[in-house]
$ cat work07.cif   # mmCIF, C-alpha atoms
data_target
#
loop_
_atom_site.group_PDB
_atom_site.id
_atom_site.type_symbol
_atom_site.label_atom_id
_atom_site.label_comp_id
_atom_site.auth_asym_id
_atom_site.auth_seq_id
_atom_site.Cartn_x
_atom_site.Cartn_y
_atom_site.Cartn_z
ATOM 1 C CA MET G 299 -12.684 33.064 4.500
ATOM 2 C CA PRO G 300 -10.907 30.329 2.511
ATOM 3 C CA ARG G 301 -12.079 26.800 3.280
ATOM 4 C CA ARG G 302 -9.706 24.565 5.195
ATOM 5 C CA PRO G 303 -8.194 22.048 2.782
ATOM 6 C CA HIS G 304 -9.481 18.451 2.876
ATOM 7 C CA SER G 305 -12.538 19.426 4.914
ATOM 8 C CA SER G 306 -15.310 18.827 2.384
ATOM 9 C CA VAL G 307 -18.227 16.510 3.179
ATOM 10 C CA GLN G 308 -16.696 13.902 0.838
ATOM 11 C CA ALA G 309 -13.299 14.143 2.542
ATOM 12 C CA ALA G 310 -14.995 13.801 5.941
ATOM 13 C CA LYS G 311 -16.740 10.610 4.753
ATOM 14 C CA LEU G 312 -13.435 9.196 3.570
ATOM 15 C CA PHE G 313 -11.641 10.177 6.776
ATOM 16 C CA ALA G 314 -14.459 8.581 8.804
ATOM 17 C CA ALA G 315 -14.145 5.310 6.850
ATOM 18 C CA LEU G 316 -10.377 5.234 7.183
ATOM 19 C CA ALA G 317 -10.405 6.280 10.843
ATOM 20 C CA ALA G 318 -12.971 3.604 11.720
ATOM 21 C CA ARG G 319 -10.282 0.959 11.031
ATOM 22 C CA PRO G 320 -7.056 2.884 11.556
ATOM 23 C CA HIS G 321 -4.703 -0.100 11.366
ATOM 24 C CA ALA G 322 -6.364 -1.901 8.473
ATOM 25 C CA TRP G 323 -5.254 -1.510 4.867
ATOM 26 C CA GLN G 324 -8.380 -0.848 2.799
ATOM 27 C CA HIS G 325 -8.895 -1.132 -0.945
ATOM 28 C CA GLY G 326 -10.385 1.591 -3.135
ATOM 29 C CA TYR G 327 -13.564 -0.362 -3.819
ATOM 30 C CA ASP G 328 -14.112 -1.085 -0.096
ATOM 31 C CA LEU G 329 -13.789 2.632 0.627
ATOM 32 C CA LEU G 330 -16.161 3.360 -2.219
ATOM 33 C CA ARG G 331 -18.819 1.119 -0.703
ATOM 34 C CA GLN G 332 -18.323 2.415 2.821
ATOM 35 C CA THR G 333 -18.451 6.086 1.898
ATOM 36 C CA GLY G 334 -20.992 5.938 -0.916
ATOM 37 C CA LEU G 335 -18.674 8.139 -2.991
ATOM 38 C CA ALA G 336 -18.245 7.607 -6.715
ATOM 39 C CA SER G 337 -14.835 6.573 -8.045
ATOM 40 C CA GLY G 338 -14.627 9.953 -9.794
ATOM 41 C CA THR G 339 -14.682 11.627 -6.370
ATOM 42 C CA LEU G 340 -12.825 9.026 -4.338
ATOM 43 C CA TYR G 341 -9.611 8.740 -6.370
ATOM 44 C CA PRO G 342 -8.876 12.487 -6.655
ATOM 45 C CA LEU G 343 -9.424 12.654 -2.882
ATOM 46 C CA LEU G 344 -7.084 9.726 -2.257
ATOM 47 C CA MET G 345 -4.452 11.398 -4.447
ATOM 48 C CA ARG G 346 -4.804 14.699 -2.575
ATOM 49 C CA LEU G 347 -4.589 13.062 0.851
ATOM 50 C CA HIS G 348 -1.581 10.998 -0.240
ATOM 51 C CA GLU G 349 0.164 14.160 -1.496
ATOM 52 C CA ALA G 350 -0.618 15.893 1.802
ATOM 53 C CA GLY G 351 0.977 13.026 3.734
ATOM 54 C CA TYR G 352 -2.291 11.976 5.372
ATOM 55 C CA LEU G 353 -2.478 8.650 3.616
ATOM 56 C CA ARG G 354 -0.162 5.708 3.075
ATOM 57 C CA ALA G 355 -0.603 3.528 0.029
ATOM 58 C CA ARG G 356 0.899 0.141 -0.740
ATOM 59 C CA TRP G 357 0.581 -2.691 -3.214
ATOM 60 C CA GLU G 358 -0.811 -5.926 -1.832
ATOM 61 C CA GLU G 359 0.062 -9.269 -3.343
ATOM 62 C CA PRO G 360 -2.934 -10.951 -4.991
ATOM 63 C CA VAL G 361 -4.947 -13.466 -2.988
ATOM 64 C CA MET G 362 -6.453 -16.290 -5.105
ATOM 65 C CA PRO G 363 -8.578 -16.160 -7.237
ATOM 66 C CA ALA G 364 -7.296 -12.634 -7.898
ATOM 67 C CA ARG G 365 -4.396 -12.466 -10.318
ATOM 68 C CA THR G 366 -3.102 -8.946 -9.874
ATOM 69 C CA PRO G 367 -1.911 -6.871 -6.903
ATOM 70 C CA ARG G 368 -4.231 -4.243 -5.434
ATOM 71 C CA HIS G 369 -3.520 -0.815 -4.048
ATOM 72 C CA SER G 370 -4.564 -0.363 -0.440
ATOM 73 C CA TYR G 371 -4.670 2.594 1.875
ATOM 74 C CA ARG G 372 -4.547 3.605 5.505
ATOM 75 C CA LEU G 373 -4.088 6.837 7.446
ATOM 76 C CA THR G 374 -0.676 8.037 8.586
ATOM 77 C CA ALA G 375 -0.262 9.397 12.130
ATOM 78 C CA SER G 376 -0.795 12.955 10.880
ATOM 79 C CA GLY G 377 -3.769 11.775 8.826
ATOM 80 C CA ALA G 378 -5.319 10.140 11.875
ATOM 81 C CA ALA G 379 -4.815 13.324 13.921
ATOM 82 C CA PHE G 380 -6.337 15.415 11.127
ATOM 83 C CA ALA G 381 -9.269 12.990 10.854
ATOM 84 C CA ARG G 382 -9.936 13.165 14.601
ATOM 85 C CA ALA G 383 -9.882 16.975 14.560
ATOM 86 C CA LEU G 384 -12.024 17.194 11.428
ATOM 87 C CA LEU G 385 -14.629 14.688 12.577
ATOM 88 C CA ALA G 386 -14.794 16.195 16.098
ATOM 89 C CA GLY G 387 -15.243 19.639 14.571
ATOM 90 C CA ARG G 388 -18.035 18.435 12.308
ATOM 91 C CA GLU G 389 -19.763 16.646 15.185
ATOM 92 C CA MET G 390 -19.573 19.744 17.381
ATOM 93 C CA HIS G 391 -20.894 21.843 14.502
ATOM 94 C CA SER G 392 -23.842 19.520 13.903
ATOM 95 C CA ARG G 393 -24.637 19.356 17.655
ATOM 96 C CA HIS G 394 -24.510 23.146 17.852
ATOM 97 C CA GLY G 395 -26.824 23.379 14.842
ATOM 98 C CA LEU G 396 -29.251 20.890 16.403
ATOM 99 C CA ARG G 397 -29.257 22.795 19.711
ATOM 100 C CA GLU G 398 -30.006 26.029 17.843
ATOM 101 C CA LYS G 399 -32.862 24.336 16.003
ATOM 102 C CA LEU G 400 -34.332 22.982 19.244
ATOM 103 C CA ALA G 401 -34.011 26.326 21.069
ATOM 104 C CA MET B 95 -23.631 -8.636 -21.827
ATOM 105 C CA SER B 96 -21.063 -8.831 -19.047
ATOM 106 C CA GLY B 97 -18.363 -9.306 -21.700
ATOM 107 C CA LEU B 98 -19.470 -6.097 -23.358
ATOM 108 C CA ARG B 99 -19.436 -4.281 -20.002
ATOM 109 C CA ARG B 100 -15.902 -5.522 -19.385
ATOM 110 C CA LEU B 101 -14.832 -4.393 -22.832
ATOM 111 C CA ILE B 102 -16.290 -0.915 -22.246
ATOM 112 C CA ALA B 103 -14.677 -0.764 -18.794
ATOM 113 C CA SER B 104 -11.352 -1.794 -20.280
ATOM 114 C CA SER B 105 -11.655 0.830 -23.036
ATOM 115 C CA LEU B 106 -12.506 3.503 -20.467
ATOM 116 C CA MET B 107 -9.418 2.563 -18.460
ATOM 117 C CA ASP B 108 -7.330 2.833 -21.644
ATOM 118 C CA LEU B 109 -8.749 6.339 -22.097
ATOM 119 C CA CYS B 110 -7.737 7.080 -18.503
ATOM 120 C CA ALA B 111 -4.160 6.244 -19.474
ATOM 121 C CA ALA B 112 -4.313 8.853 -22.238
ATOM 122 C CA VAL B 113 -5.758 11.539 -19.948
ATOM 123 C CA LEU B 114 -3.943 11.103 -16.644
ATOM 124 C CA PRO B 115 -0.503 12.767 -16.462
ATOM 125 C CA THR B 116 2.242 10.124 -16.477
ATOM 126 C CA VAL B 117 3.487 11.381 -13.127
ATOM 127 C CA LYS B 118 0.338 9.765 -11.711
ATOM 128 C CA ASP B 119 1.116 6.418 -13.339
ATOM 129 C CA GLU B 120 0.873 4.534 -10.069
ATOM 130 C CA TRP B 121 -2.680 5.788 -9.495
ATOM 131 C CA LEU B 122 -3.637 4.643 -12.963
ATOM 132 C CA ARG B 123 -2.334 1.177 -12.104
ATOM 133 C CA ALA B 124 -4.265 1.336 -8.818
ATOM 134 C CA MET B 125 -7.523 2.162 -10.603
ATOM 135 C CA ARG B 126 -6.930 -0.499 -13.259
ATOM 136 C CA ALA B 127 -6.217 -3.097 -10.584
ATOM 137 C CA GLU B 128 -9.367 -2.172 -8.676
ATOM 138 C CA ALA B 129 -11.486 -2.274 -11.847
ATOM 139 C CA ALA B 130 -10.116 -5.742 -12.554
ATOM 140 C CA HIS B 131 -11.175 -6.943 -9.112
ATOM 141 C CA ILE B 132 -14.764 -5.744 -9.007
ATOM 142 C CA GLY B 133 -17.774 -7.500 -10.485
ATOM 143 C CA ASP B 134 -18.778 -7.076 -14.110
ATOM 144 C CA GLN B 135 -21.917 -5.204 -13.132
ATOM 145 C CA HIS B 136 -20.040 -2.389 -11.408
ATOM 146 C CA ALA B 137 -16.824 -2.304 -13.426
ATOM 147 C CA MET B 138 -18.239 -0.063 -16.153
ATOM 148 C CA VAL B 139 -19.590 2.582 -13.743
ATOM 149 C CA PHE B 140 -16.374 2.359 -11.741
ATOM 150 C CA ALA B 141 -14.256 2.861 -14.874
ATOM 151 C CA ALA B 142 -16.416 5.809 -16.004
ATOM 152 C CA GLY B 143 -15.843 7.408 -12.593
ATOM 153 C CA CYS B 144 -12.113 6.764 -12.938
ATOM 154 C CA LEU B 145 -12.132 8.564 -16.285
ATOM 155 C CA LEU B 146 -13.798 11.543 -14.597
ATOM 156 C CA ALA B 147 -11.143 11.391 -11.857
ATOM 157 C CA CYS B 148 -8.420 11.415 -14.520
ATOM 158 C CA PHE B 149 -9.970 14.449 -16.215
ATOM 159 C CA LYS B 150 -10.140 16.245 -12.857
ATOM 160 C CA GLU B 151 -6.483 15.475 -12.310
ATOM 161 C CA ARG B 152 -5.584 16.578 -15.820
ATOM 162 C CA LEU B 153 -7.493 19.850 -15.291
ATOM 163 C CA ARG B 154 -5.508 20.429 -12.118
ATOM 164 C CA TYR B 155 -2.272 20.206 -14.078
ATOM 165 C CA MET B 156 -3.711 22.182 -16.982
ATOM 166 C CA SER B 157 -3.766 25.272 -14.795
ATOM 167 C CA LYS B 158 0.070 25.198 -14.922
ATOM 168 C CA ILE B 159 0.164 26.930 -18.291
ATOM 169 C CA PRO B 160 3.289 28.954 -19.206
ATOM 170 C CA ALA B 161 2.688 32.691 -18.809
ATOM 171 C CA ALA B 162 3.373 33.402 -22.530
ATOM 172 C CA ALA B 163 0.655 30.949 -23.649
ATOM 173 C CA ARG B 164 -1.764 32.262 -21.017
ATOM 174 C CA TYR B 165 -1.258 35.893 -22.001
ATOM 175 C CA GLY B 166 -1.575 34.917 -25.667
ATOM 176 C CA MET B 167 -4.984 33.440 -24.923
ATOM 177 C CA VAL B 168 -5.928 36.491 -22.833
ATOM 178 C CA ALA B 169 -5.033 38.711 -25.819
ATOM 179 C CA GLY B 170 -7.326 36.547 -27.974
ATOM 180 C CA MET B 171 -10.152 37.013 -25.467
ATOM 181 C CA VAL B 172 -9.654 40.796 -25.444
ATOM 182 C CA LEU B 173 -9.815 40.813 -29.268
ATOM 183 C CA CYS B 174 -13.043 38.808 -29.181
ATOM 184 C CA ALA B 175 -14.456 41.219 -26.570
ATOM 185 C CA VAL B 176 -13.585 44.251 -28.725
ATOM 186 C CA PHE B 177 -15.061 42.618 -31.845
ATOM 187 C CA ALA B 178 -18.305 41.679 -30.056
ATOM 188 C CA ALA B 179 -18.595 45.155 -28.475
ATOM 189 C CA ARG B 180 -18.092 46.847 -31.873
ATOM 190 C CA SER B 181 -20.750 44.594 -33.424
ATOM 191 C CA ALA B 182 -23.153 45.468 -30.571
ATOM 192 C CA MET B 183 -22.600 49.183 -31.127
ATOM 193 C CA HIS B 184 -23.338 48.902 -34.862
ATOM 194 C CA MET B 185 -26.735 47.298 -34.289
ATOM 195 C CA ARG B 186 -29.759 49.547 -34.147
ATOM 196 C CA GLY B 187 -33.560 49.398 -33.950
ATOM 197 C CA GLU B 188 -35.042 45.938 -34.457
ATOM 198 C CA GLN B 189 -31.709 44.330 -33.678
ATOM 199 C CA GLU B 190 -31.853 45.582 -30.078
ATOM 200 C CA LEU B 191 -32.051 42.097 -28.600
ATOM 201 C CA THR B 192 -29.149 40.896 -30.734
ATOM 202 C CA ALA B 193 -27.150 43.988 -29.754
ATOM 203 C CA ALA B 194 -27.785 43.215 -26.088
ATOM 204 C CA ILE B 195 -26.653 39.626 -26.607
ATOM 205 C CA PHE B 196 -23.499 40.782 -28.382
ATOM 206 C CA GLY B 197 -22.894 43.167 -25.471
ATOM 207 C CA GLY B 198 -23.224 40.243 -23.073
ATOM 208 C CA VAL B 199 -20.817 38.177 -25.151
ATOM 209 C CA ALA B 200 -18.291 41.051 -25.133
ATOM 210 C CA ALA B 201 -18.651 41.335 -21.360
ATOM 211 C CA SER B 202 -18.145 37.587 -20.933
ATOM 212 C CA TYR B 203 -14.876 37.652 -22.934
ATOM 213 C CA ALA B 204 -13.670 40.694 -21.004
ATOM 214 C CA LEU B 205 -14.521 39.069 -17.660
ATOM 215 C CA ALA B 206 -12.808 35.834 -18.690
ATOM 216 C CA ALA B 207 -9.677 37.776 -19.675
ATOM 217 C CA MET B 208 -9.692 39.667 -16.376
ATOM 218 C CA TRP B 209 -10.275 36.482 -14.357
ATOM 219 C CA SER B 210 -7.395 34.787 -16.211
ATOM 220 C CA ILE B 211 -5.066 37.688 -15.370
ATOM 221 C CA LEU B 212 -6.147 37.851 -11.722
ATOM 222 C CA LYS B 213 -6.297 34.122 -10.973
ATOM 223 C CA GLY B 214 -3.638 32.792 -13.346
ATOM 224 C CA GLY B 215 -3.905 29.455 -15.149
ATOM 225 C CA ARG B 216 -6.577 28.167 -12.808
ATOM 226 C CA GLY B 217 -8.718 31.242 -13.548
ATOM 227 C CA LEU B 218 -8.323 30.666 -17.277
ATOM 228 C CA ILE B 219 -9.492 27.061 -16.981
ATOM 229 C CA GLU B 220 -12.412 28.059 -14.726
ATOM 230 C CA ALA B 221 -13.482 30.819 -17.114
ATOM 231 C CA ALA B 222 -13.152 28.566 -20.180
ATOM 232 C CA LEU B 223 -15.156 25.757 -18.580
ATOM 233 C CA THR B 224 -17.901 28.112 -17.334
ATOM 234 C CA LEU B 225 -18.270 29.903 -20.657
ATOM 235 C CA LEU B 226 -18.091 26.659 -22.625
ATOM 236 C CA ALA B 227 -20.998 25.323 -20.546
ATOM 237 C CA LEU B 228 -22.980 28.570 -21.031
ATOM 238 C CA ASN B 229 -22.377 28.662 -24.797
ATOM 239 C CA LEU B 230 -23.222 24.985 -25.138
ATOM 240 C CA ALA B 231 -26.472 25.490 -23.219
ATOM 241 C CA ALA B 232 -27.338 28.507 -25.385
ATOM 242 C CA ALA B 233 -26.504 26.630 -28.602
ATOM 243 C CA VAL B 234 -28.627 23.625 -27.609
ATOM 244 C CA TRP B 235 -31.507 25.907 -26.588
ATOM 245 C CA LEU B 236 -31.390 27.861 -29.849
ATOM 246 C CA PHE B 237 -30.954 24.838 -32.127
ATOM 247 C CA SER B 238 -33.907 23.080 -30.503
ATOM 248 C CA GLY B 239 -36.127 25.913 -31.767
ATOM 249 C CA ASN B 240 -37.040 27.539 -28.460
ATOM 250 C CA ALA B 241 -36.302 31.112 -29.521
ATOM 251 C CA THR B 242 -39.531 31.609 -31.512
ATOM 252 C CA GLU B 243 -39.826 35.313 -30.636
ATOM 253 C CA ILE B 244 -36.488 36.116 -32.319
ATOM 254 C CA SER B 245 -36.561 36.906 -36.040
ATOM 255 C CA ALA B 246 -34.989 34.334 -38.371
ATOM 256 C CA PHE B 247 -31.980 36.547 -39.184
ATOM 257 C CA ASN B 248 -31.237 37.399 -35.544
ATOM 258 C CA GLY B 249 -31.863 33.800 -34.505
ATOM 259 C CA GLN B 250 -29.255 32.581 -36.971
ATOM 260 C CA LEU B 251 -26.812 35.282 -35.905
ATOM 261 C CA ILE B 252 -27.188 34.462 -32.207
ATOM 262 C CA SER B 253 -26.918 30.713 -32.935
ATOM 263 C CA ALA B 254 -23.702 31.398 -34.836
ATOM 264 C CA VAL B 255 -22.326 33.416 -31.902
ATOM 265 C CA ALA B 256 -23.167 30.609 -29.461
ATOM 266 C CA PHE B 257 -21.596 28.014 -31.766
ATOM 267 C CA GLU B 258 -18.541 30.227 -32.224
ATOM 268 C CA GLY B 259 -18.291 30.534 -28.428
ATOM 269 C CA VAL B 260 -18.293 26.746 -28.091
ATOM 270 C CA VAL B 261 -15.494 26.475 -30.659
ATOM 271 C CA ILE B 262 -13.432 29.270 -29.068
ATOM 272 C CA TRP B 263 -13.623 27.823 -25.547
ATOM 273 C CA VAL B 264 -12.896 24.302 -26.765
ATOM 274 C CA VAL B 265 -9.822 25.729 -28.530
ATOM 275 C CA VAL B 266 -8.747 27.573 -25.344
ATOM 276 C CA LEU B 267 -9.100 24.353 -23.331
ATOM 277 C CA GLY B 268 -7.284 22.423 -26.077
ATOM 278 C CA PHE B 269 -4.369 24.877 -26.004
ATOM 279 C CA SER B 270 -4.267 24.671 -22.211
ATOM 280 C CA PHE B 271 -4.228 20.884 -22.544
ATOM 281 C CA LEU B 272 -1.283 21.083 -24.943
ATOM 282 C CA PHE B 273 0.712 23.827 -23.251
ATOM 283 C CA ALA B 274 0.289 22.734 -19.634
ATOM 284 C CA ARG B 275 3.545 21.949 -17.869
ATOM 285 C CA ILE B 276 2.713 18.413 -16.905
ATOM 286 C CA PRO B 277 5.565 16.613 -15.209
ATOM 287 C CA ARG B 278 6.524 13.310 -16.774
ATOM 288 C CA LEU B 279 8.038 10.244 -15.243
ATOM 289 C CA PRO B 280 11.498 9.372 -16.488
ATOM 290 C CA ALA B 281 11.200 6.953 -19.398
ATOM 291 C CA ARG B 282 11.516 3.306 -18.443
ATOM 292 C CA PRO B 283 13.265 0.726 -20.545
ATOM 293 C CA ASN B 284 10.741 -1.320 -22.548
ATOM 294 C CA ASN B 285 11.643 -4.611 -20.949
ATOM 295 C CA SER B 286 10.909 -3.253 -17.446
ATOM 296 C CA ARG B 287 7.120 -3.324 -17.976
ATOM 297 C CA THR B 288 5.563 -6.126 -16.009
ATOM 298 C CA SER B 289 2.128 -7.662 -15.988
ATOM 299 C CA GLN B 290 1.428 -5.458 -12.961
ATOM 300 C CA ASP B 291 1.382 -2.382 -15.196
ATOM 301 C CA LYS B 292 -1.827 -3.343 -16.919
ATOM 302 C CA PRO B 293 -3.921 -5.804 -14.973
ATOM 303 C CA THR B 294 -6.087 -8.032 -17.105
ATOM 304 C CA PHE B 295 -9.843 -7.719 -16.854
ATOM 305 C CA GLY B 296 -12.164 -10.568 -16.050
#
$ encode --input "work07.cif" --output "structure tokens"
Amino acid sequence: MPRRPHSSVQAAKLFAALAARPHAWQHGYDLLRQTGLASGTLYPLLMRLHEAGYLRARWEEPVMPARTPRHSYRLTASGAAFARALLAGREMHSRHGLREKLA
Amino acid sequence: MSGLRRLIASSLMDLCAAVLPTVKDEWLRAMRAEAAHIGDQHAMVFAAGCLLACFKERLRYMSKIPAAARYGMVAGMVLCAVFAARSAMHMRGEQELTAAIFGGVAASYALAAMWSILKGGRGLIEAALTLLALNLAAAVWLFSGNATEISAFNGQLISAVAFEGVVIWVVVLGFSFLFARIPRLPARPNNSRTSQDKPTFG
């Protein structure tokens, strides 16, 4: 059975970080630290989610001492709904697995 | 030391610009901006990761190879398979191991050709990357003198086949890189570039 798109462990980590602060615009490096992902994994994911319409991106004016604008991200409404479904599914799956292990 | 790290990070980001399709220009600017904002200690690792991200993105677009170029490369693979199979059949006696290896090489070319037909451009890239890794591993293993049980002649022959495999799959990937239909952004007038396009480091 083909895997559902954007449902990898890495995507789930990113969705969890973005969904934890749904109204905040977060920078790439902040997301990197929160998720523990490497930039080589994070940016392709951000691109995919942006293409899928799950992510909004904008340029933020620099705050001193920074000199250049930064790109920041937050989930769209459909992205938030997808994140909720994905994270709930993963939680249910892990609970089910734990129950099976305990039984 | 931190200056050197910055310089390497900056060079890696310049490489990113060469690798990432121009249609993703905004993401390149995003990565550059982020690299400029993070500490010297992490900038180099961050930039190396960005380069990997750019290669991944480039590979994604590389699978959009025109059918004529793809089938041309498939024909080349079939030829290689036939040549390797014929060589395997002509080997007898003490060259049994070499014959088996040539048979395996023929099978790998045939499988790669089939995978490229079945899965399209993406299949071709997957096959080329897999077989490049296998040939590279074999070449490194043979050149480091691990194959002591193989006679000198056969050892050299097998090393040559592994090296040839590396060259062939690098060429296939190179052609895919050149022929891929990568969308480009419309050209901008020169005076429209702003300092935002290339954030300064440090």
$ resolve_selection --input "work07.cif" --expression "the PyMOL selection byres ((chain G) within 8 of (chain B))" --output "list in words"
His325, Gly326, Tyr327, Ala336, Ser337, Gly338, Thr339, Tyr341, Pro342, Met345, Ala364, Thr366, Pro367, Arg368 and His369 of chain G
$ residues_around --input "work07.cif" --residues "Thr374 in chain G" --least-positions-apart "6" --cutoff "9 Å" --atoms "all atoms listed in the file" --output "list in words"
Pro320, Gly351, Tyr352, Leu353 and Arg354 of chain G
$ atom_distance --input "work07.cif" --atom1 "CA of Ser270 in chain B" --atom2 "CA of Lys158 in chain B"
8.5 Å
$ residues_around --input "work07.cif" --residues "Thr333 in chain G" --least-positions-apart "2" --cutoff "10 Å" --atoms "all atoms listed in the file" --output "PyMOL selection string"
chain G and resi 308-316+327-331+335-336+340
$ residues_around --input "work07.cif" --residues "Val260 in chain B" --least-positions-apart "6" --cutoff "8 Å" --atoms "only C-alpha atoms" --output "PDB file with C-alpha atoms, in the frame of the given file"
ATOM      1  CA  LEU B 226     -18.091  26.659 -22.625  1.00  0.00           C
ATOM      2  CA  ASN B 229     -22.377  28.662 -24.797  1.00  0.00           C
ATOM      3  CA  LEU B 230     -23.222  24.985 -25.138  1.00  0.00           C
TER       4      LEU B 230
END
$ residues_around --input "work07.cif" --residues "Ala182 in chain B" --least-positions-apart "2" --cutoff "8 Å" --atoms "all atoms listed in the file" --output "PyMOL selection string"
chain B and resi 178-180+184-185+192-197
$ residues_around --input "work07.cif" --residues "range 209-225 of chain B" --least-positions-apart "3" --cutoff "10 Å" --atoms "only C-alpha atoms" --output "VMD selection string"
chain B and resid 153 to 161 163 to 165 167 to 168 171 199 202 to 206 228 to 231 259 to 260 262 to 267 270 to 271 274
$ atom_distance --input "work07.cif" --atom1 "CA of Arg99 in chain B" --atom2 "CA of Met138 in chain B"
5.8 Å
$ closest_residue --input "work07.cif" --among "B:Ala111, B:Ala175, B:Ile276, B:Ala233" --to "Val261 in chain B" --atoms "only C-alpha atoms"
B:Ala233
$ atom_distance --input "work07.cif" --atom1 "CA of Ala169 in chain B" --atom2 "CA of Glu258 in chain B"
17.2 Å
$ closest_residue --input "work07.cif" --among "G:Gln324, G:Val307, G:Arg319, G:Ala379" --to "Arg356 in chain G" --atoms "only C-alpha atoms"
G:Gln324
$ build_atoms --input "work07.cif" --residues "range 249-261 of chain B" --atoms "N, CA and C atoms" --output "tab-separated table (two decimals), in the coordinates of the input"
chain	number	residue	atom	x	y	z
B	249	GLY	N	-31.99	35.15	-35.08
B	249	GLY	CA	-31.86	33.80	-34.51
B	249	GLY	C	-30.63	33.11	-35.03
B	250	GLN	N	-30.43	33.22	-36.36
B	250	GLN	CA	-29.26	32.58	-36.97
B	250	GLN	C	-27.95	33.22	-36.49
B	251	LEU	N	-28.01	34.55	-36.35
B	251	LEU	CA	-26.81	35.28	-35.90
B	251	LEU	C	-26.44	34.86	-34.48
B	252	ILE	N	-27.45	34.81	-33.61
B	252	ILE	CA	-27.19	34.46	-32.21
B	252	ILE	C	-26.72	33.00	-32.11
B	253	SER	N	-27.35	32.12	-32.93
B	253	SER	CA	-26.92	30.71	-32.94
B	253	SER	C	-25.45	30.63	-33.35
B	254	ALA	N	-25.09	31.42	-34.36
B	254	ALA	CA	-23.70	31.40	-34.84
B	254	ALA	C	-22.75	31.87	-33.74
B	255	VAL	N	-23.18	32.90	-32.99
B	255	VAL	CA	-22.33	33.42	-31.90
B	255	VAL	C	-22.14	32.35	-30.82
B	256	ALA	N	-23.25	31.66	-30.49
B	256	ALA	CA	-23.17	30.61	-29.46
B	256	ALA	C	-22.26	29.48	-29.94
B	257	PHE	N	-22.41	29.10	-31.21
B	257	PHE	CA	-21.60	28.01	-31.77
B	257	PHE	C	-20.12	28.42	-31.80
B	258	GLU	N	-19.91	29.69	-32.18
B	258	GLU	CA	-18.54	30.23	-32.22
B	258	GLU	C	-17.93	30.20	-30.81
B	259	GLY	N	-18.75	30.55	-29.83
B	259	GLY	CA	-18.29	30.53	-28.43
B	259	GLY	C	-17.85	29.13	-28.03
B	260	VAL	N	-18.64	28.14	-28.41
B	260	VAL	CA	-18.29	26.75	-28.09
B	260	VAL	C	-16.93	26.41	-28.69
B	261	VAL	N	-16.76	26.79	-29.96
B	261	VAL	CA	-15.49	26.48	-30.66
B	261	VAL	C	-14.33	27.19	-29.97
